[in-house]
Amino acid sequence: MKSYTQIPPGTQILIGRAARRRRVLERAICSVFEGWSYEEIIPPIFDYYDVFAKGWGQEEQIYRFIDREGNILALRPEFTSLVAKTVATRLASLPKPIRLYYSGEVLRFEQPKGGRQREFAQIGIEHYGSTGKTADVEILLVAVETFQRLGIQSFQINLGSVDFFGGIVDRMELPKEQIDALKEVLNIKDQPGLEALLRNLPLEDRRKKILRAVPHLTGGRSVIDEARSLVKNSRSVEALDHLEQIYSIFESVDLAQHLTIDLGEIRGFDYYTGILFRAYVRGLGFDVAGGGRYDGLPAAFGEDVPAVGFSFSLDRLEQIVTPSLDSADFESTVETESDYKKALQLRKEGKAVKLCL
Amino acid sequence: MLVIALCKGRFLEPSLDLLARTGIRFSEDVASSRKLIFESEDNRHRVFLVKPADVPTYVEYGAADVGIAGRDVLLETRADVLQPLDLKFGYCKIAVAGPRTASISPPTIRIATKYPRITMDYYNARSIPVEIIPLSGSIELAPLIGLADRIVDVVETGRTLKENGLEILEVIAETTARLLINRAGYQTKREEVRSLIQALEKVVA
């Protein structure tokens, strides 16, 4: 038996102020979500393994177990597949759009490092039933307001699209291993690695030029123009049109300074189908939020509904946000000797008491 | 302020030299000082020195925005950092080496190494079962005294191997110094990071 002082790697215990900070943050964020007409969904902490294997895919990171009837179950590694399944089944007949938010712990078997825990708190929204820019813009605006509500000024949302890169590699007709190898080097902007791959790929120079440009296509509006000069395939061009529309809307509401177009952002789970984004805050080494569009996900559970959403990491936000922890409910705590009558009276009056024993 | 993590040891001089050529200079002698943190003359950069294997960790966590480290430690730590530039010094091979006199191969080859992950990945990809013996130095010694059948290590000139009766059997990868960048810093300190990359790109070209 290990020492009882130690808790399993990647878990944590929040006590007192730390726990209160978690709740204050959570409450502040929920009120933003509710302000945009999102309703809470509290899904179970475990579900059938297939739900996550099909919806999320990262099978090696899922904690699974077998119940006494032989069902294979899994602890939720994220919320999106759970919510998508619910929308595709229980809520299939509801009028669209459906706006839902969630907050809770998720569990993943990961090496606890680089800001990653095995148990961590996610809080996020999902918007079902709308394609196109309106819903995309809506969730981005909710993300922006979340940062603002928490008093974070220097945040940056990096917006990309799987379709931009998808359109480029569609035309190249490369085997999957080679596309994965390309993604791997582009994901870390590894130029020497990219050159080494390109030497062995049977591609025209024009296409190699596009791939070389991808890691650098990040910045403001000019990035979209630059990308337009490189690609002609319709999938990539439509992705650029879409990003440009979103960018224009952000300009029109004076929020473009928080938006960065990042066409080199090709990470993310396989379920993403359109925009995808990550948000960063100056002074923190990791992204604090991420999301995107996953139109195919509800269809995997039987109902073809477009979907877009994001989640924030509460654990990471806690590293940069210090909310006021003064309890607003009570002006002061009245200390009283073991006079239970008086204590009960004070409580009726709405005062906080601390019994001195 | 851009925070830069550098390796102590043989990478330090060439790293400082590269930075100096981009205009990042220090009034103190970084290489011989016992201090660990230094401010640049322009007060826009802060450099600190750590063990080579730790540089990727500092950058991944954002304790440093930028770092310089060998590709070998990146492959070994699998740190999730951006790696945009080959800085073209510190060239080595990561290689499997063993005694020149070929012996009968045992059922499970024992391999001593500072790079257990790289070694495991390499042999897994070839479906060869191996037993890895992690060591932190003097790897060449292991086959000489019967601790291991082979070693996996970085080889610069091959002289140490030769003097110990070992030779390269297979080359796993090549490694040089790389520029590492924290993902968040790349976005939130865009201009500073970008101008450093461009300046370094010019001086290594």
# chains A, B, ... in the order shown; residues from 1 in each chain; ligands from 1

$ select_by_dssp --residues "segment 9-111 of chain B" --states "helix (DSSP H, G or I)" --output "compact mmCIF listing (two decimals) with N, CA and C atoms, in the first residue's frame"
# COMPACT_ATOMS: atom_id res chain seq x y z
N LEU B 12 26.24 25.24 -25.08
CA LEU B 12 26.10 26.60 -24.58
C LEU B 12 26.82 27.63 -25.46
N GLU B 13 28.10 27.37 -25.76
CA GLU B 13 28.87 28.33 -26.57
C GLU B 13 28.21 28.59 -27.92
N PRO B 14 27.92 27.54 -28.70
CA PRO B 14 27.28 27.82 -30.00
C PRO B 14 25.91 28.50 -29.88
N SER B 15 25.16 28.19 -28.80
CA SER B 15 23.86 28.83 -28.62
C SER B 15 24.04 30.33 -28.38
N LEU B 16 24.98 30.66 -27.48
CA LEU B 16 25.24 32.07 -27.16
C LEU B 16 25.77 32.81 -28.39
N ASP B 17 26.59 32.10 -29.15
CA ASP B 17 27.15 32.68 -30.35
C ASP B 17 26.05 33.05 -31.35
N LEU B 18 25.10 32.12 -31.53
CA LEU B 18 23.97 32.38 -32.43
C LEU B 18 23.16 33.59 -31.95
N LEU B 19 22.87 33.61 -30.66
CA LEU B 19 22.09 34.72 -30.12
C LEU B 19 22.84 36.04 -30.31
N ALA B 20 24.16 36.01 -30.08
CA ALA B 20 24.95 37.23 -30.24
C ALA B 20 24.86 37.74 -31.68
N ARG B 21 24.86 36.80 -32.61
CA ARG B 21 24.80 37.22 -34.02
C ARG B 21 23.44 37.81 -34.39
N PRO B 52 20.47 19.82 -20.55
CA PRO B 52 19.89 19.66 -21.89
C PRO B 52 18.56 18.93 -21.90
N ALA B 53 18.46 17.83 -21.13
CA ALA B 53 17.24 17.03 -21.19
C ALA B 53 16.04 17.77 -20.61
N ASP B 54 16.29 18.86 -19.86
CA ASP B 54 15.19 19.59 -19.24
C ASP B 54 14.66 20.76 -20.08
N VAL B 55 15.43 21.16 -21.09
CA VAL B 55 15.01 22.33 -21.88
C VAL B 55 13.60 22.16 -22.47
N PRO B 56 13.28 21.02 -23.10
CA PRO B 56 11.92 20.88 -23.65
C PRO B 56 10.83 21.03 -22.61
N THR B 57 11.10 20.55 -21.39
CA THR B 57 10.09 20.65 -20.33
C THR B 57 9.81 22.12 -19.98
N TYR B 58 10.89 22.90 -19.82
CA TYR B 58 10.70 24.32 -19.51
C TYR B 58 9.88 25.02 -20.59
N VAL B 59 10.15 24.66 -21.83
CA VAL B 59 9.44 25.32 -22.93
C VAL B 59 7.99 24.82 -23.00
N GLU B 60 7.81 23.53 -22.82
CA GLU B 60 6.44 22.99 -22.89
C GLU B 60 5.54 23.63 -21.85
N ARG B 71 17.71 17.67 -31.09
CA ARG B 71 16.55 16.91 -31.54
C ARG B 71 16.44 15.60 -30.74
N ASP B 72 17.60 15.08 -30.29
CA ASP B 72 17.58 13.84 -29.51
C ASP B 72 16.72 13.98 -28.25
N VAL B 73 16.88 15.08 -27.52
CA VAL B 73 16.08 15.21 -26.30
C VAL B 73 14.61 15.49 -26.61
N LEU B 74 14.36 16.11 -27.77
CA LEU B 74 12.97 16.31 -28.17
C LEU B 74 12.29 14.98 -28.47
N LEU B 75 13.02 14.13 -29.17
CA LEU B 75 12.45 12.81 -29.50
C LEU B 75 12.25 12.01 -28.22
N GLU B 76 13.15 12.16 -27.28
CA GLU B 76 13.07 11.38 -26.05
C GLU B 76 11.97 11.89 -25.13
N THR B 77 11.86 13.22 -24.97
CA THR B 77 10.86 13.74 -24.04
C THR B 77 9.48 13.84 -24.68

$ residues_around --residues "Ala205 of chain B" --least-positions-apart "5" --cutoff "10 Å" --atoms "only C-alpha atoms" --output "mmCIF file with N, CA and C atoms, in the first residue's frame"
data_model
loop_
_atom_site.group_PDB
_atom_site.id
_atom_site.type_symbol
_atom_site.label_atom_id
_atom_site.label_comp_id
_atom_site.auth_asym_id
_atom_site.auth_seq_id
_atom_site.Cartn_x
_atom_site.Cartn_y
_atom_site.Cartn_z
ATOM 1 N N ASP B 86 16.045 24.360 -37.680
ATOM 2 C CA ASP B 86 17.255 23.595 -37.449
ATOM 3 C C ASP B 86 18.387 24.602 -37.295
ATOM 4 N N LEU B 87 19.050 24.599 -36.150
ATOM 5 C CA LEU B 87 20.078 25.616 -35.908
ATOM 6 C C LEU B 87 21.453 25.183 -36.412
ATOM 7 N N LYS B 88 21.505 23.977 -36.963
ATOM 8 C CA LYS B 88 22.670 23.508 -37.722
ATOM 9 C C LYS B 88 23.974 23.468 -36.942
ATOM 10 N N LEU B 200 17.160 34.416 -36.377
ATOM 11 C CA LEU B 200 17.958 33.185 -36.312
ATOM 12 C C LEU B 200 18.029 32.501 -37.671
#

$ closest_atom_pairs --of "chain A" --to "chain B" --cutoff "10 Å" --atoms "only C-alpha atoms" --output "CSV"
residue,atom,partner,partner_atom,distance
A:Lys113,CA,B:Tyr61,CA,8.4
A:Gly114,CA,B:Tyr61,CA,5.2
A:Gly115,CA,B:Tyr61,CA,7.0
A:Ser154,CA,B:Thr188,CA,8.0
A:Phe155,CA,B:Thr188,CA,7.6
A:Gln156,CA,B:Thr188,CA,6.8
A:Ile157,CA,B:Gln187,CA,8.9
A:Asn158,CA,B:Gln187,CA,7.9
A:Val185,CA,B:Gln83,CA,8.8
A:Leu186,CA,B:Leu82,CA,9.3
A:Asn187,CA,B:Leu82,CA,7.7
A:Ile188,CA,B:Leu82,CA,4.3
A:Lys189,CA,B:Pro84,CA,5.0
A:Asp190,CA,B:Pro84,CA,4.6
A:Gln191,CA,B:Pro84,CA,5.4
A:Pro192,CA,B:Asp86,CA,6.3
A:Gly193,CA,B:Pro84,CA,9.0
A:Leu194,CA,B:Pro84,CA,9.9
A:Pro215,CA,B:Pro84,CA,8.8
A:Thr218,CA,B:Gln187,CA,9.1
A:Gly219,CA,B:Arg190,CA,8.9
A:Thr260,CA,B:Gln187,CA,8.4
A:Asp262,CA,B:Gln187,CA,9.6
A:Arg278,CA,B:Ala184,CA,9.6
A:Ala279,CA,B:Ala184,CA,8.6
A:Tyr280,CA,B:Ala184,CA,5.7
A:Val281,CA,B:Thr188,CA,6.7
A:Arg282,CA,B:Thr188,CA,5.2
A:Gly283,CA,B:Gly185,CA,7.9
A:Leu284,CA,B:Gly62,CA,6.5
A:Gly285,CA,B:Gly62,CA,3.8
A:Phe286,CA,B:Ala184,CA,5.5
A:Asp287,CA,B:Ala184,CA,6.2
A:Val288,CA,B:Ala184,CA,9.5

$ residues_around --residues "Phe26 of chain B" --least-positions-apart "6" --cutoff "9 Å" --atoms "only C-alpha atoms" --output "ChimeraX atom specification"
/B:20,38-42

$ select_by_dssp --residues "segment 148-351 of chain A" --states "strand (DSSP E)" --output "count of residues only"
36

$ residues_around --residues "Ala5 of chain B" --least-positions-apart "3" --cutoff "6 Å" --atoms "only C-alpha atoms" --output "compact mmCIF listing (two decimals) with N, CA and C atoms, in the first residue's frame"
# COMPACT_ATOMS: atom_id res chain seq x y z
N VAL B 47 17.85 34.94 -20.28
CA VAL B 47 18.31 33.61 -20.60
C VAL B 47 18.54 32.84 -19.31
N PHE B 48 18.15 31.57 -19.26
CA PHE B 48 18.58 30.76 -18.12
C PHE B 48 19.12 29.42 -18.60
N LEU B 49 19.94 28.80 -17.76
CA LEU B 49 20.67 27.60 -18.15
C LEU B 49 20.18 26.39 -17.38
N ALA B 64 9.77 28.91 -20.10
CA ALA B 64 10.54 29.63 -21.10
C ALA B 64 9.67 29.74 -22.34
N GLY B 67 13.49 27.89 -26.50
CA GLY B 67 14.61 27.12 -26.00
C GLY B 67 15.48 26.64 -27.13

$ residues_around --residues "segment 294-300 of chain A" --least-positions-apart "5" --cutoff "9 Å" --atoms "only C-alpha atoms" --output "number ranges by chain"
A: 54-56, 80-81, 83-89, 128, 131, 271-275, 305-309

$ write_last_selection --atoms "C-alpha atoms" --output "short mmCIF file (atom, residue, chain, number, x, y, z; two decimals), in the first residue's frame"
data_model
loop_
_atom_site.label_atom_id
_atom_site.label_comp_id
_atom_site.auth_asym_id
_atom_site.auth_seq_id
_atom_site.Cartn_x
_atom_site.Cartn_y
_atom_site.Cartn_z
CA LYS A 54 -17.13 6.11 -31.60
CA GLY A 55 -17.53 9.76 -30.71
CA TRP A 56 -14.16 10.75 -29.36
CA THR A 80 -19.06 16.32 -26.46
CA SER A 81 -19.82 12.73 -27.45
CA VAL A 83 -24.05 15.50 -25.37
CA ALA A 84 -24.11 14.68 -29.08
CA LYS A 85 -25.53 11.24 -28.33
CA THR A 86 -28.22 12.76 -26.14
CA VAL A 87 -29.16 15.31 -28.80
CA ALA A 88 -29.27 12.58 -31.46
CA THR A 89 -31.50 10.35 -29.34
CA TYR A 128 -26.82 21.96 -32.40
CA THR A 131 -24.62 25.18 -40.14
CA TYR A 271 -14.34 14.56 -35.28
CA TYR A 272 -13.81 18.19 -36.29
CA THR A 273 -15.34 19.10 -39.65
CA GLY A 274 -15.10 22.87 -40.07
CA ILE A 275 -13.69 25.65 -37.95
CA VAL A 305 -27.52 17.45 -36.91
CA PRO A 306 -24.77 20.01 -37.41
CA ALA A 307 -22.89 20.89 -34.24
CA VAL A 308 -20.34 23.34 -32.94
CA GLY A 309 -18.96 23.95 -29.46
#

$ residues_around --residues "segment 24-34 of chain A" --least-positions-apart "6" --cutoff "8 Å" --atoms "only C-alpha atoms" --output "JSON, numbers by chain"
{"A": [101, 103, 123, 125, 142, 145, 146, 149, 150, 314, 318, 323, 325]}

$ residues_around --residues "Tyr115 of chain B" --least-positions-apart "4" --cutoff "10 Å" --atoms "only C-alpha atoms" --output "JSON, numbers by chain"
{"B": [72, 73, 75, 76, 77, 94, 119, 120, 132, 133, 134, 135, 136, 151, 152, 153, 154]}

$ closest_residue --among "A:Glu335, A:Phe165, A:Ser222, A:Gly104" --to "Arg23 of chain A" --atoms "only C-alpha atoms"
A:Gly104

$ closest_residue --among "A:Ser311, A:Glu337, A:Arg116, A:Glu69" --to "Leu100 of chain A" --atoms "only C-alpha atoms"
A:Ser311

$ atom_distance --atom1 "atom CA of Val66 of chain B" --atom2 "atom CA of Thr175 of chain B"
18.7 Å

$ atom_distance --atom1 "atom CA of Ala173 of chain B" --atom2 "atom CA of Cys92 of chain B"
8.8 Å

$ closest_residue --among "A:Asp339, A:Glu59, A:Asp67, A:Asp315" --to "Glu105 of chain A" --atoms "only C-alpha atoms"
A:Asp315

$ decode --residues "segment 116-141 of chain A" --atoms "N, CA and C atoms" --output "PDB file, in the first residue's frame"
ATOM      1  N   ARG A 116      -1.455  18.958 -18.104  1.00  0.00           N
ATOM      2  CA  ARG A 116      -2.507  17.959 -18.262  1.00  0.00           C
ATOM      3  C   ARG A 116      -2.663  17.153 -16.992  1.00  0.00           C
ATOM      4  N   GLN A 117      -3.890  16.916 -16.614  1.00  0.00           N
ATOM      5  CA  GLN A 117      -4.188  16.078 -15.473  1.00  0.00           C
ATOM      6  C   GLN A 117      -4.953  14.871 -15.978  1.00  0.00           C
ATOM      7  N   ARG A 118      -5.083  13.851 -15.138  1.00  0.00           N
ATOM      8  CA  ARG A 118      -5.909  12.702 -15.537  1.00  0.00           C
ATOM      9  C   ARG A 118      -7.381  12.961 -15.218  1.00  0.00           C
ATOM     10  N   GLU A 119      -7.594  13.711 -14.139  1.00  0.00           N
ATOM     11  CA  GLU A 119      -8.951  14.157 -13.863  1.00  0.00           C
ATOM     12  C   GLU A 119      -8.922  15.674 -13.931  1.00  0.00           C
ATOM     13  N   PHE A 120      -9.743  16.260 -14.787  1.00  0.00           N
ATOM     14  CA  PHE A 120      -9.745  17.715 -14.860  1.00  0.00           C
ATOM     15  C   PHE A 120     -11.139  18.225 -15.170  1.00  0.00           C
ATOM     16  N   ALA A 121     -11.333  19.520 -14.900  1.00  0.00           N
ATOM     17  CA  ALA A 121     -12.676  20.084 -14.990  1.00  0.00           C
ATOM     18  C   ALA A 121     -12.851  20.819 -16.311  1.00  0.00           C
ATOM     19  N   GLN A 122     -13.877  20.440 -17.031  1.00  0.00           N
ATOM     20  CA  GLN A 122     -14.198  21.108 -18.284  1.00  0.00           C
ATOM     21  C   GLN A 122     -15.526  21.831 -18.140  1.00  0.00           C
ATOM     22  N   ILE A 123     -15.603  22.982 -18.795  1.00  0.00           N
ATOM     23  CA  ILE A 123     -16.870  23.710 -18.814  1.00  0.00           C
ATOM     24  C   ILE A 123     -17.039  24.244 -20.229  1.00  0.00           C
ATOM     25  N   GLY A 124     -18.190  23.976 -20.829  1.00  0.00           N
ATOM     26  CA  GLY A 124     -18.289  24.360 -22.232  1.00  0.00           C
ATOM     27  C   GLY A 124     -19.711  24.389 -22.754  1.00  0.00           C
ATOM     28  N   ILE A 125     -19.826  24.780 -24.021  1.00  0.00           N
ATOM     29  CA  ILE A 125     -21.153  24.855 -24.649  1.00  0.00           C
ATOM     30  C   ILE A 125     -21.188  24.071 -25.958  1.00  0.00           C
ATOM     31  N   GLU A 126     -22.402  23.708 -26.337  1.00  0.00           N
ATOM     32  CA  GLU A 126     -22.615  23.010 -27.592  1.00  0.00           C
ATOM     33  C   GLU A 126     -23.837  23.625 -28.254  1.00  0.00           C
ATOM     34  N   HIS A 127     -23.714  23.835 -29.545  1.00  0.00           N
ATOM     35  CA  HIS A 127     -24.792  24.446 -30.302  1.00  0.00           C
ATOM     36  C   HIS A 127     -25.145  23.494 -31.440  1.00  0.00           C
ATOM     37  N   TYR A 128     -26.410  22.971 -31.423  1.00  0.00           N
ATOM     38  CA  TYR A 128     -26.815  21.963 -32.403  1.00  0.00           C
ATOM     39  C   TYR A 128     -27.870  22.512 -33.357  1.00  0.00           C
ATOM     40  N   GLY A 129     -27.739  22.172 -34.625  1.00  0.00           N
ATOM     41  CA  GLY A 129     -28.805  22.452 -35.558  1.00  0.00           C
ATOM     42  C   GLY A 129     -28.548  23.614 -36.498  1.00  0.00           C
ATOM     43  N   SER A 130     -27.396  24.227 -36.444  1.00  0.00           N
ATOM     44  CA  SER A 130     -27.129  25.317 -37.378  1.00  0.00           C
ATOM     45  C   SER A 130     -25.811  25.090 -38.098  1.00  0.00           C
ATOM     46  N   THR A 131     -25.866  25.201 -39.385  1.00  0.00           N
ATOM     47  CA  THR A 131     -24.618  25.183 -40.142  1.00  0.00           C
ATOM     48  C   THR A 131     -24.206  26.631 -40.340  1.00  0.00           C
ATOM     49  N   GLY A 132     -23.063  26.797 -40.910  1.00  0.00           N
ATOM     50  CA  GLY A 132     -22.697  28.137 -41.336  1.00  0.00           C
ATOM     51  C   GLY A 132     -22.215  29.034 -40.244  1.00  0.00           C
ATOM     52  N   LYS A 133     -22.032  30.289 -40.638  1.00  0.00           N
ATOM     53  CA  LYS A 133     -21.259  31.179 -39.786  1.00  0.00           C
ATOM     54  C   LYS A 133     -22.008  31.654 -38.554  1.00  0.00           C
ATOM     55  N   THR A 134     -23.341  31.696 -38.609  1.00  0.00           N
ATOM     56  CA  THR A 134     -24.053  32.298 -37.481  1.00  0.00           C
ATOM     57  C   THR A 134     -23.741  31.614 -36.167  1.00  0.00           C
ATOM     58  N   ALA A 135     -23.836  30.283 -36.166  1.00  0.00           N
ATOM     59  CA  ALA A 135     -23.570  29.557 -34.928  1.00  0.00           C
ATOM     60  C   ALA A 135     -22.089  29.624 -34.576  1.00  0.00           C
ATOM     61  N   ASP A 136     -21.227  29.579 -35.595  1.00  0.00           N
ATOM     62  CA  ASP A 136     -19.781  29.663 -35.334  1.00  0.00           C
ATOM     63  C   ASP A 136     -19.452  30.978 -34.634  1.00  0.00           C
ATOM     64  N   VAL A 137     -20.015  32.060 -35.183  1.00  0.00           N
ATOM     65  CA  VAL A 137     -19.749  33.376 -34.590  1.00  0.00           C
ATOM     66  C   VAL A 137     -20.318  33.424 -33.174  1.00  0.00           C
ATOM     67  N   GLU A 138     -21.508  32.864 -33.013  1.00  0.00           N
ATOM     68  CA  GLU A 138     -22.128  32.908 -31.689  1.00  0.00           C
ATOM     69  C   GLU A 138     -21.240  32.278 -30.623  1.00  0.00           C
ATOM     70  N   ILE A 139     -20.746  31.076 -30.911  1.00  0.00           N
ATOM     71  CA  ILE A 139     -19.956  30.437 -29.844  1.00  0.00           C
ATOM     72  C   ILE A 139     -18.636  31.181 -29.615  1.00  0.00           C
ATOM     73  N   LEU A 140     -18.080  31.756 -30.677  1.00  0.00           N
ATOM     74  CA  LEU A 140     -16.842  32.539 -30.481  1.00  0.00           C
ATOM     75  C   LEU A 140     -17.113  33.762 -29.606  1.00  0.00           C
ATOM     76  N   LEU A 141     -18.281  34.388 -29.814  1.00  0.00           N
ATOM     77  CA  LEU A 141     -18.620  35.549 -28.992  1.00  0.00           C
ATOM     78  C   LEU A 141     -18.835  35.149 -27.533  1.00  0.00           C
TER      79      LEU A 141
END
